[in-house]
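The structure file input.cif is reproduced below (mmCIF, C-alpha atoms and all ligand atoms).
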```
data_target
#
loop_
_atom_site.label_atom_id
_atom_site.label_comp_id
_atom_site.auth_asym_id
_atom_site.auth_seq_id
_atom_site.Cartn_x
_atom_site.Cartn_y
_atom_site.Cartn_z
CA MET A 19 14.03 -27.28 4.07
CA ALA A 20 10.52 -25.75 4.07
CA GLN A 21 7.59 -28.09 4.60
CA ASP A 22 5.56 -28.52 1.36
CA TYR A 23 2.46 -26.58 2.34
CA PHE A 24 0.97 -26.79 -1.13
CA ALA A 25 1.30 -30.49 -2.02
CA ASP A 26 -2.40 -30.72 -2.95
CA ASP A 27 -2.62 -27.25 -4.56
CA PRO A 28 -1.71 -27.11 -8.27
CA ARG A 29 -1.69 -23.28 -8.41
CA THR A 30 1.46 -21.19 -8.73
CA ASN A 31 2.48 -18.98 -5.82
CA ARG A 32 1.33 -15.96 -7.83
CA GLU A 33 -2.12 -17.52 -8.34
CA ARG A 34 -2.38 -18.21 -4.61
CA MET A 35 -1.28 -14.65 -3.88
CA LEU A 36 -3.89 -13.11 -6.17
CA ALA A 37 -6.58 -15.27 -4.55
CA GLY A 38 -5.65 -13.84 -1.13
CA ASP A 39 -4.39 -17.22 0.11
CA LEU A 40 -1.11 -18.15 1.75
CA TYR A 41 1.81 -18.34 -0.68
CA ILE A 42 5.60 -18.14 -0.80
CA ALA A 43 7.01 -15.01 -2.43
CA ASP A 44 9.52 -16.70 -4.75
CA ASP A 45 7.41 -16.73 -7.90
CA PRO A 46 9.38 -15.80 -11.07
CA GLU A 47 6.52 -13.72 -12.50
CA ASN A 48 6.29 -11.80 -9.21
CA ALA A 49 10.05 -11.20 -9.32
CA ARG A 50 9.80 -9.83 -12.87
CA LEU A 51 6.93 -7.50 -11.93
CA ALA A 52 8.71 -6.32 -8.78
CA GLN A 53 11.82 -5.48 -10.81
CA ARG A 54 9.69 -3.58 -13.33
CA ALA A 55 8.14 -1.57 -10.48
CA LEU A 56 11.52 -0.79 -8.95
CA ARG A 57 12.82 0.45 -12.33
CA LEU A 58 9.76 2.62 -13.04
CA ALA A 59 9.63 4.12 -9.53
CA ASP A 60 13.30 5.02 -9.78
CA ALA A 61 12.81 6.48 -13.28
CA TYR A 62 9.86 8.54 -11.98
CA HIS A 63 12.01 9.91 -9.16
CA ARG A 64 14.86 10.80 -11.51
CA ALA A 65 12.55 12.37 -14.10
CA SER A 66 10.88 14.45 -11.37
CA VAL A 67 14.23 15.71 -10.10
CA ALA A 68 15.17 16.62 -13.67
CA ASP A 69 11.80 18.37 -14.10
CA ASP A 70 11.20 16.15 -17.12
CA ALA A 71 7.78 16.55 -18.73
CA GLY A 72 7.64 12.76 -19.13
CA ALA A 73 7.65 12.09 -15.38
CA ARG A 74 3.90 11.72 -15.07
CA SER A 75 3.72 9.18 -17.90
CA LEU A 76 6.19 6.97 -15.98
CA LEU A 77 3.89 7.10 -12.97
CA VAL A 78 0.90 6.28 -15.15
CA GLU A 79 2.81 3.27 -16.50
CA LEU A 80 3.78 2.15 -12.98
CA LEU A 81 0.41 2.40 -11.25
CA GLY A 82 -2.85 0.55 -11.73
CA THR A 83 -4.69 3.89 -11.73
CA LEU A 84 -3.57 7.51 -11.44
CA GLY A 85 -6.62 9.77 -11.34
CA GLU A 86 -6.80 13.13 -13.04
CA ASP A 87 -4.78 15.82 -11.22
CA ALA A 88 -3.54 13.31 -8.66
CA TYR A 89 0.06 13.98 -7.64
CA VAL A 90 2.64 11.78 -5.92
CA LYS A 91 5.81 13.41 -4.61
CA PRO A 92 8.76 11.09 -5.12
CA PRO A 93 10.29 8.94 -3.88
CA LEU A 94 7.55 6.35 -3.94
CA PHE A 95 8.09 2.71 -2.96
CA VAL A 96 5.79 -0.06 -4.18
CA ASP A 97 5.91 -3.84 -4.54
CA TYR A 98 4.20 -4.05 -7.95
CA GLY A 99 2.54 -0.67 -8.61
CA GLU A 100 -0.13 -2.25 -10.75
CA ASN A 101 -2.25 -2.98 -7.66
CA LEU A 102 -2.15 0.63 -6.44
CA HIS A 103 -5.08 2.82 -7.50
CA ILE A 104 -5.04 6.55 -6.69
CA GLY A 105 -8.16 8.64 -7.19
CA PRO A 106 -8.47 12.07 -8.82
CA ARG A 107 -7.03 15.17 -7.10
CA THR A 108 -5.36 13.08 -4.40
CA PHE A 109 -2.05 14.40 -3.07
CA VAL A 110 0.64 12.03 -1.77
CA ASN A 111 3.62 13.54 0.01
CA TYR A 112 7.21 12.21 0.00
CA ASN A 113 8.13 8.65 0.80
CA LEU A 114 4.90 6.71 0.48
CA THR A 115 5.54 2.99 0.94
CA ALA A 116 2.63 1.10 -0.61
CA LEU A 117 3.16 -2.65 -0.42
CA ASP A 118 0.52 -3.49 -3.02
CA VAL A 119 0.61 -7.27 -2.96
CA ALA A 120 -3.17 -7.05 -2.56
CA THR A 121 -5.08 -4.12 -4.01
CA ILE A 122 -4.68 -0.67 -2.45
CA THR A 123 -7.45 1.76 -3.36
CA ILE A 124 -7.06 5.45 -2.45
CA GLY A 125 -10.15 7.54 -3.14
CA ALA A 126 -10.60 11.01 -4.62
CA ASP A 127 -9.30 14.19 -2.92
CA CYS A 128 -7.25 12.34 -0.30
CA GLN A 129 -4.12 13.78 1.30
CA LEU A 130 -1.33 11.55 2.53
CA GLY A 131 1.43 13.08 4.64
CA PRO A 132 5.08 12.18 4.28
CA GLY A 133 6.25 8.68 5.14
CA VAL A 134 2.87 6.96 5.11
CA GLN A 135 2.97 3.16 4.92
CA LEU A 136 0.13 1.13 3.42
CA LEU A 137 0.97 -2.49 4.15
CA THR A 138 -1.13 -5.26 2.58
CA PRO A 139 1.17 -8.27 3.20
CA THR A 140 1.00 -10.30 6.38
CA HIS A 141 2.80 -13.35 7.77
CA PRO A 142 1.65 -16.12 10.09
CA VAL A 143 2.19 -15.39 13.77
CA GLU A 144 3.11 -19.07 14.30
CA PRO A 145 6.92 -19.38 14.18
CA GLY A 146 7.17 -22.45 11.91
CA PRO A 147 5.17 -21.27 8.88
CA ARG A 148 6.68 -17.81 9.22
CA ARG A 149 10.21 -19.25 9.17
CA ASP A 150 9.15 -21.09 6.00
CA LYS A 151 8.38 -17.67 4.46
CA LEU A 152 4.61 -18.03 4.08
CA GLU A 153 2.71 -14.82 3.51
CA ALA A 154 -0.69 -13.58 2.40
CA ALA A 155 -2.11 -10.15 1.61
CA LEU A 156 -5.33 -8.30 2.40
CA PRO A 157 -6.59 -5.21 0.53
CA ILE A 158 -6.53 -1.68 1.93
CA VAL A 159 -9.19 0.90 1.03
CA LEU A 160 -9.16 4.65 1.74
CA GLY A 161 -12.44 6.41 0.97
CA ASP A 162 -12.74 9.89 -0.53
CA ASN A 163 -11.27 12.98 1.14
CA VAL A 164 -9.31 10.97 3.72
CA TRP A 165 -6.32 12.72 5.33
CA LEU A 166 -3.52 10.57 6.74
CA GLY A 167 -0.96 12.58 8.73
CA GLY A 168 2.76 12.02 8.40
CA GLY A 169 4.06 8.56 9.28
CA VAL A 170 0.68 6.84 9.51
CA ILE A 171 0.85 3.06 9.14
CA VAL A 172 -2.20 1.23 7.78
CA CYS A 173 -2.23 -2.52 8.44
CA PRO A 174 -3.47 -5.30 6.08
CA GLY A 175 -7.20 -5.47 5.42
CA VAL A 176 -8.08 -2.02 6.80
CA THR A 177 -10.75 0.25 5.29
CA ILE A 178 -10.94 3.94 6.25
CA GLY A 179 -14.21 5.78 5.56
CA ASP A 180 -14.78 9.03 3.64
CA ASN A 181 -13.55 12.32 5.18
CA THR A 182 -11.78 10.64 8.08
CA VAL A 183 -8.58 12.20 9.48
CA VAL A 184 -5.83 10.07 11.01
CA GLY A 185 -3.30 11.92 13.18
CA ALA A 186 0.43 11.83 12.49
CA GLY A 187 2.16 8.66 13.64
CA ALA A 188 -0.98 6.57 14.13
CA VAL A 189 -1.04 2.82 13.50
CA VAL A 190 -4.39 1.81 12.03
CA THR A 191 -5.02 -1.84 12.85
CA LYS A 192 -8.81 -1.95 12.36
CA ASP A 193 -11.35 -0.28 10.06
CA LEU A 194 -12.20 3.36 10.80
CA PRO A 195 -15.65 4.76 9.99
CA ALA A 196 -16.33 7.82 7.86
CA ASN A 197 -16.23 11.34 9.33
CA VAL A 198 -14.04 10.82 12.41
CA VAL A 199 -10.65 11.92 13.74
CA ALA A 200 -8.50 9.04 14.99
CA VAL A 201 -5.05 9.17 16.59
CA GLY A 202 -2.52 6.97 18.34
CA ASN A 203 -1.18 3.44 18.35
CA PRO A 204 -3.43 1.59 17.96
CA ALA A 205 -5.53 4.32 16.31
CA ARG A 206 -8.63 5.24 18.33
CA VAL A 207 -11.45 7.56 17.34
CA VAL A 208 -11.25 10.79 19.38
CA ARG A 209 -14.13 12.65 17.82
CA GLU A 210 -16.65 12.84 15.01
CA ILE A 211 -16.41 15.53 12.37
C1 LIG B 301 -0.83 15.88 3.12
C2 LIG B 301 0.22 16.35 4.00
O1 LIG B 301 1.34 16.38 3.57
S1 LIG B 301 -0.14 16.71 5.57
C3 LIG B 301 1.37 17.38 6.24
C4 LIG B 301 1.78 16.65 7.42
N1 LIG B 301 1.01 17.11 8.56
C5 LIG B 301 0.65 16.25 9.50
O2 LIG B 301 0.98 15.07 9.46
C6 LIG B 301 -0.16 16.81 10.60
C7 LIG B 301 -1.19 15.79 11.11
N2 LIG B 301 -2.04 16.42 12.08
C8 LIG B 301 -2.33 15.88 13.28
O3 LIG B 301 -1.85 14.79 13.65
C9 LIG B 301 -3.27 16.71 14.14
O4 LIG B 301 -2.86 16.61 15.50
C10 LIG B 301 -4.76 16.33 14.00
C11 LIG B 301 -5.21 16.60 12.58
C12 LIG B 301 -5.00 14.86 14.35
C13 LIG B 301 -5.51 17.24 14.98
O5 LIG B 301 -6.88 16.95 14.95
P1 LIG B 301 -7.90 17.68 15.95
O6 LIG B 301 -9.23 17.04 15.82
O7 LIG B 301 -7.78 19.15 15.74
O8 LIG B 301 -7.32 17.20 17.34
P2 LIG B 301 -6.85 18.06 18.60
O9 LIG B 301 -5.64 18.85 18.21
O10 LIG B 301 -8.03 18.77 19.17
O11 LIG B 301 -6.40 16.89 19.56
C14 LIG B 301 -7.30 16.00 20.16
C15 LIG B 301 -6.52 15.10 21.09
O12 LIG B 301 -5.72 14.20 20.30
C16 LIG B 301 -4.33 14.38 20.59
N3 LIG B 301 -3.61 14.28 19.34
C17 LIG B 301 -3.67 15.10 18.28
N4 LIG B 301 -2.89 14.66 17.29
C18 LIG B 301 -2.34 13.51 17.73
C19 LIG B 301 -1.45 12.60 17.13
N5 LIG B 301 -0.98 12.77 15.90
N6 LIG B 301 -1.10 11.50 17.87
C20 LIG B 301 -1.57 11.32 19.12
N7 LIG B 301 -2.42 12.18 19.72
C21 LIG B 301 -2.79 13.26 19.03
C22 LIG B 301 -4.23 15.78 21.19
O13 LIG B 301 -3.08 15.91 22.00
C23 LIG B 301 -5.52 15.86 21.95
O14 LIG B 301 -5.38 15.11 23.13
P3 LIG B 301 -6.05 15.66 24.51
O15 LIG B 301 -7.54 15.69 24.25
O16 LIG B 301 -5.62 14.67 25.53
O17 LIG B 301 -5.50 17.04 24.72
#
```

As structure tokens:
Amino acid sequence: MAQDYFADDPRTNRERMLAGDLYIADDPENARLAQRALRLADAYHRASVADDAGARSLLVELLGTLGEDAYVKPPLFVDYGENLHIGPRTFVNYNLTALDVATITIGADCQLGPGVQLLTPTHPVEPGPRRDKLEAALPIVLGDNVWLGGGVIVCPGVTIGDNTVVGAGAVVTKDLPANVVAVGNPARVVREI
């Protein structure tokens, strides 16, 4: 039986989540929104395969923001969709996993290679609270004209500055400034642009 971590906190788990505090992910409203996202992402994939003119409207319904002329190649995997904001003219290749428990903001004119993962949720490192399923989430921000190579993983709370390029397979654990190339795990700046 999980310890009652929230005995003195009258908020729901969803309210704690939205405040960026620790919560447990068994909130009924969260479950409803996650199911909605799963259904819409699947419908978007199917409509795209069928070359259905309505595909884009499904993506617009799923996401918080889809900028003008932004394009996302399916499949796309999200927690809620409504916390994912994609700027105009941004191109997202196959298999983006965007765990948008906290807000994910992708700027204008970005390019994301296949299999990118944008991960806002985090769990305590301490074994007890983690076993009790506590989690929290920190926002991710990509500036304008950022290029993430295939398979890049961006960790919770990271901001990447305008024009920056992240090499394929990098794991970005800390903020990256604007106008640099960074590669590796953990991602390190190798040069300025
Ligand atoms: C939107 C889309 O769909 S994109 C399509 C998918 N394409 C991709 O994912 C390609 C991503 N491209 C890369 O990863 C490229 O290697 C880039 C963009 C990082 C190269 O950037 P450049 O600044 O030209 O780097 P350059 O090739 O000079 O390499 C600099 C150093 O970093 C290393 N390096 C380059 N890429 C990587 C990488 N992904 N991981 C680790 N090290 C790398 C190089 O080996 C070199 O090391 P060295 O100095 O010891 O020889």

If we count all atoms listed in the file, what is near region 59-75 of chain A at a cut-off of 6 Å, once residues fewer than 3 positions away on the same chain are taken out, given as an mmCIF file with C-alpha atoms, in the frame of the given file?
```
data_model
loop_
_atom_site.group_PDB
_atom_site.id
_atom_site.type_symbol
_atom_site.label_atom_id
_atom_site.label_comp_id
_atom_site.auth_asym_id
_atom_site.auth_seq_id
_atom_site.Cartn_x
_atom_site.Cartn_y
_atom_site.Cartn_z
ATOM 1 C CA ALA A 55 8.140 -1.570 -10.480
ATOM 2 C CA LEU A 56 11.520 -0.790 -8.950
ATOM 3 C CA VAL A 78 0.900 6.280 -15.150
ATOM 4 C CA PRO A 92 8.760 11.090 -5.120
ATOM 5 C CA PRO A 93 10.290 8.940 -3.880
#
```

Polymer residues at most 9 Å from Gly105 (chain A), only C-alpha atoms, same-chain spacing of 2 or more positions, as a PyMOL selection string: chain A and resi 83-88+103+107-108+123-128+162

Computed interatomic separation between CA of Pro142 (chain A) and CA of Asp193 (chain A) (Å):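 That distance, rounded to one decimal, is 20.5 Å.
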
Throw together the list of residues within 7 Å of ligand LIG 301 (chain B), counting only C-alpha atoms and all ligand atoms, and drop it here as a compact mmCIF listing (two decimals) with C-alpha atoms, keeping the file's coordinate frame.
```txt
# COMPACT_ATOMS: atom_id res chain seq x y z
CA PHE A 109 -2.05 14.40 -3.07
CA VAL A 110 0.64 12.03 -1.77
CA ASN A 111 3.62 13.54 0.01
CA GLN A 129 -4.12 13.78 1.30
CA LEU A 130 -1.33 11.55 2.53
CA GLY A 131 1.43 13.08 4.64
CA PRO A 132 5.08 12.18 4.28
CA TRP A 165 -6.32 12.72 5.33
CA LEU A 166 -3.52 10.57 6.74
CA GLY A 167 -0.96 12.58 8.73
CA GLY A 168 2.76 12.02 8.40
CA VAL A 183 -8.58 12.20 9.48
CA VAL A 184 -5.83 10.07 11.01
CA GLY A 185 -3.30 11.92 13.18
CA ALA A 186 0.43 11.83 12.49
CA GLY A 187 2.16 8.66 13.64
CA ALA A 188 -0.98 6.57 14.13
CA VAL A 199 -10.65 11.92 13.74
CA ALA A 200 -8.50 9.04 14.99
CA VAL A 201 -5.05 9.17 16.59
CA GLY A 202 -2.52 6.97 18.34
CA VAL A 208 -11.25 10.79 19.38
CA ARG A 209 -14.13 12.65 17.82
```

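The coordinates place CA of Thr177 (chain A) at 23.2 Å from CA of Tyr41 (chain A).
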
Non-local contacts of Ala52 (chain A) (12 Å; only C-alpha atoms; under 5 positions in same chain excluded) as a PyMOL selection string: chain A and resi 43-47+57-59+80+95-101+117-119

Incomplete region 73-84 of chain A brought to all heavy atoms, written out as a PDB file, in the frame of the given file:
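Okay, this is what ended up in rebuild_14.pdb:
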```
ATOM      1  N   ALA A  73       7.699  12.758 -16.686  1.00  0.00           N
ATOM      2  CA  ALA A  73       7.650  12.090 -15.380  1.00  0.00           C
ATOM      3  C   ALA A  73       6.278  11.469 -15.115  1.00  0.00           C
ATOM      4  O   ALA A  73       6.176  10.306 -14.706  1.00  0.00           O
ATOM      5  CB  ALA A  73       8.006  13.080 -14.272  1.00  0.00           C
ATOM      6  N   ARG A  74       5.245  12.226 -15.390  1.00  0.00           N
ATOM      7  CA  ARG A  74       3.900  11.720 -15.070  1.00  0.00           C
ATOM      8  C   ARG A  74       3.584  10.443 -15.861  1.00  0.00           C
ATOM      9  O   ARG A  74       2.940   9.528 -15.338  1.00  0.00           O
ATOM     10  CB  ARG A  74       2.842  12.794 -15.345  1.00  0.00           C
ATOM     11  CG  ARG A  74       1.458  12.355 -14.872  1.00  0.00           C
ATOM     12  CD  ARG A  74       0.409  13.425 -15.060  1.00  0.00           C
ATOM     13  NE  ARG A  74      -0.910  12.873 -14.785  1.00  0.00           N
ATOM     14  CZ  ARG A  74      -1.468  12.791 -13.594  1.00  0.00           C
ATOM     15  NH1 ARG A  74      -0.821  13.216 -12.543  1.00  0.00           N
ATOM     16  NH2 ARG A  74      -2.676  12.262 -13.442  1.00  0.00           N
ATOM     17  N   SER A  75       4.029  10.370 -17.099  1.00  0.00           N
ATOM     18  CA  SER A  75       3.720   9.180 -17.900  1.00  0.00           C
ATOM     19  C   SER A  75       4.391   7.934 -17.304  1.00  0.00           C
ATOM     20  O   SER A  75       3.879   6.811 -17.426  1.00  0.00           O
ATOM     21  CB  SER A  75       4.106   9.379 -19.357  1.00  0.00           C
ATOM     22  OG  SER A  75       5.490   9.524 -19.458  1.00  0.00           O
ATOM     23  N   LEU A  76       5.550   8.113 -16.657  1.00  0.00           N
ATOM     24  CA  LEU A  76       6.190   6.970 -15.980  1.00  0.00           C
ATOM     25  C   LEU A  76       5.341   6.496 -14.801  1.00  0.00           C
ATOM     26  O   LEU A  76       5.211   5.299 -14.550  1.00  0.00           O
ATOM     27  CB  LEU A  76       7.585   7.376 -15.493  1.00  0.00           C
ATOM     28  CG  LEU A  76       8.611   7.606 -16.597  1.00  0.00           C
ATOM     29  CD1 LEU A  76       9.806   8.373 -16.060  1.00  0.00           C
ATOM     30  CD2 LEU A  76       9.047   6.270 -17.202  1.00  0.00           C
ATOM     31  N   LEU A  77       4.752   7.467 -14.098  1.00  0.00           N
ATOM     32  CA  LEU A  77       3.890   7.100 -12.970  1.00  0.00           C
ATOM     33  C   LEU A  77       2.623   6.405 -13.456  1.00  0.00           C
ATOM     34  O   LEU A  77       2.167   5.428 -12.850  1.00  0.00           O
ATOM     35  CB  LEU A  77       3.552   8.372 -12.173  1.00  0.00           C
ATOM     36  CG  LEU A  77       2.948   8.180 -10.796  1.00  0.00           C
ATOM     37  CD1 LEU A  77       3.856   7.354  -9.895  1.00  0.00           C
ATOM     38  CD2 LEU A  77       2.661   9.533 -10.153  1.00  0.00           C
ATOM     39  N   VAL A  78       2.088   6.909 -14.568  1.00  0.00           N
ATOM     40  CA  VAL A  78       0.900   6.280 -15.150  1.00  0.00           C
ATOM     41  C   VAL A  78       1.212   4.831 -15.550  1.00  0.00           C
ATOM     42  O   VAL A  78       0.413   3.914 -15.326  1.00  0.00           O
ATOM     43  CB  VAL A  78       0.406   7.091 -16.372  1.00  0.00           C
ATOM     44  CG1 VAL A  78      -0.621   6.303 -17.175  1.00  0.00           C
ATOM     45  CG2 VAL A  78      -0.170   8.423 -15.921  1.00  0.00           C
ATOM     46  N   GLU A  79       2.415   4.630 -16.092  1.00  0.00           N
ATOM     47  CA  GLU A  79       2.810   3.270 -16.500  1.00  0.00           C
ATOM     48  C   GLU A  79       2.994   2.367 -15.272  1.00  0.00           C
ATOM     49  O   GLU A  79       2.633   1.189 -15.291  1.00  0.00           O
ATOM     50  CB  GLU A  79       4.125   3.364 -17.288  1.00  0.00           C
ATOM     51  CG  GLU A  79       4.527   2.049 -17.945  1.00  0.00           C
ATOM     52  CD  GLU A  79       5.845   2.173 -18.707  1.00  0.00           C
ATOM     53  OE1 GLU A  79       6.318   3.305 -18.953  1.00  0.00           O
ATOM     54  OE2 GLU A  79       6.398   1.112 -19.044  1.00  0.00           O
ATOM     55  N   LEU A  80       3.509   2.938 -14.188  1.00  0.00           N
ATOM     56  CA  LEU A  80       3.780   2.150 -12.980  1.00  0.00           C
ATOM     57  C   LEU A  80       2.505   1.722 -12.268  1.00  0.00           C
ATOM     58  O   LEU A  80       2.365   0.578 -11.843  1.00  0.00           O
ATOM     59  CB  LEU A  80       4.655   2.990 -12.023  1.00  0.00           C
ATOM     60  CG  LEU A  80       4.886   2.442 -10.614  1.00  0.00           C
ATOM     61  CD1 LEU A  80       5.617   1.099 -10.674  1.00  0.00           C
ATOM     62  CD2 LEU A  80       5.679   3.439  -9.778  1.00  0.00           C
ATOM     63  N   LEU A  81       1.559   2.642 -12.134  1.00  0.00           N
ATOM     64  CA  LEU A  81       0.410   2.400 -11.250  1.00  0.00           C
ATOM     65  C   LEU A  81      -0.765   1.743 -11.975  1.00  0.00           C
ATOM     66  O   LEU A  81      -0.912   1.881 -13.195  1.00  0.00           O
ATOM     67  CB  LEU A  81      -0.058   3.727 -10.644  1.00  0.00           C
ATOM     68  CG  LEU A  81       0.973   4.491  -9.811  1.00  0.00           C
ATOM     69  CD1 LEU A  81       0.350   5.736  -9.211  1.00  0.00           C
ATOM     70  CD2 LEU A  81       1.570   3.608  -8.726  1.00  0.00           C
ATOM     71  N   GLY A  82      -1.609   1.082 -11.183  1.00  0.00           N
ATOM     72  CA  GLY A  82      -2.850   0.550 -11.730  1.00  0.00           C
ATOM     73  C   GLY A  82      -3.751   1.675 -12.210  1.00  0.00           C
ATOM     74  O   GLY A  82      -4.340   1.610 -13.289  1.00  0.00           O
ATOM     75  N   THR A  83      -3.884   2.721 -11.375  1.00  0.00           N
ATOM     76  CA  THR A  83      -4.690   3.890 -11.730  1.00  0.00           C
ATOM     77  C   THR A  83      -4.040   5.138 -11.147  1.00  0.00           C
ATOM     78  O   THR A  83      -3.645   5.136  -9.971  1.00  0.00           O
ATOM     79  CB  THR A  83      -6.114   3.791 -11.106  1.00  0.00           C
ATOM     80  OG1 THR A  83      -6.675   2.526 -11.421  1.00  0.00           O
ATOM     81  CG2 THR A  83      -7.015   4.908 -11.611  1.00  0.00           C
ATOM     82  N   LEU A  84      -3.943   6.188 -11.943  1.00  0.00           N
ATOM     83  CA  LEU A  84      -3.570   7.510 -11.440  1.00  0.00           C
ATOM     84  C   LEU A  84      -4.649   8.473 -11.906  1.00  0.00           C
ATOM     85  O   LEU A  84      -4.749   8.791 -13.084  1.00  0.00           O
ATOM     86  CB  LEU A  84      -2.200   7.945 -11.965  1.00  0.00           C
ATOM     87  CG  LEU A  84      -1.714   9.289 -11.417  1.00  0.00           C
ATOM     88  CD1 LEU A  84      -1.441   9.218  -9.913  1.00  0.00           C
ATOM     89  CD2 LEU A  84      -0.459   9.762 -12.154  1.00  0.00           C
TER      90      LEU A  84
END
```
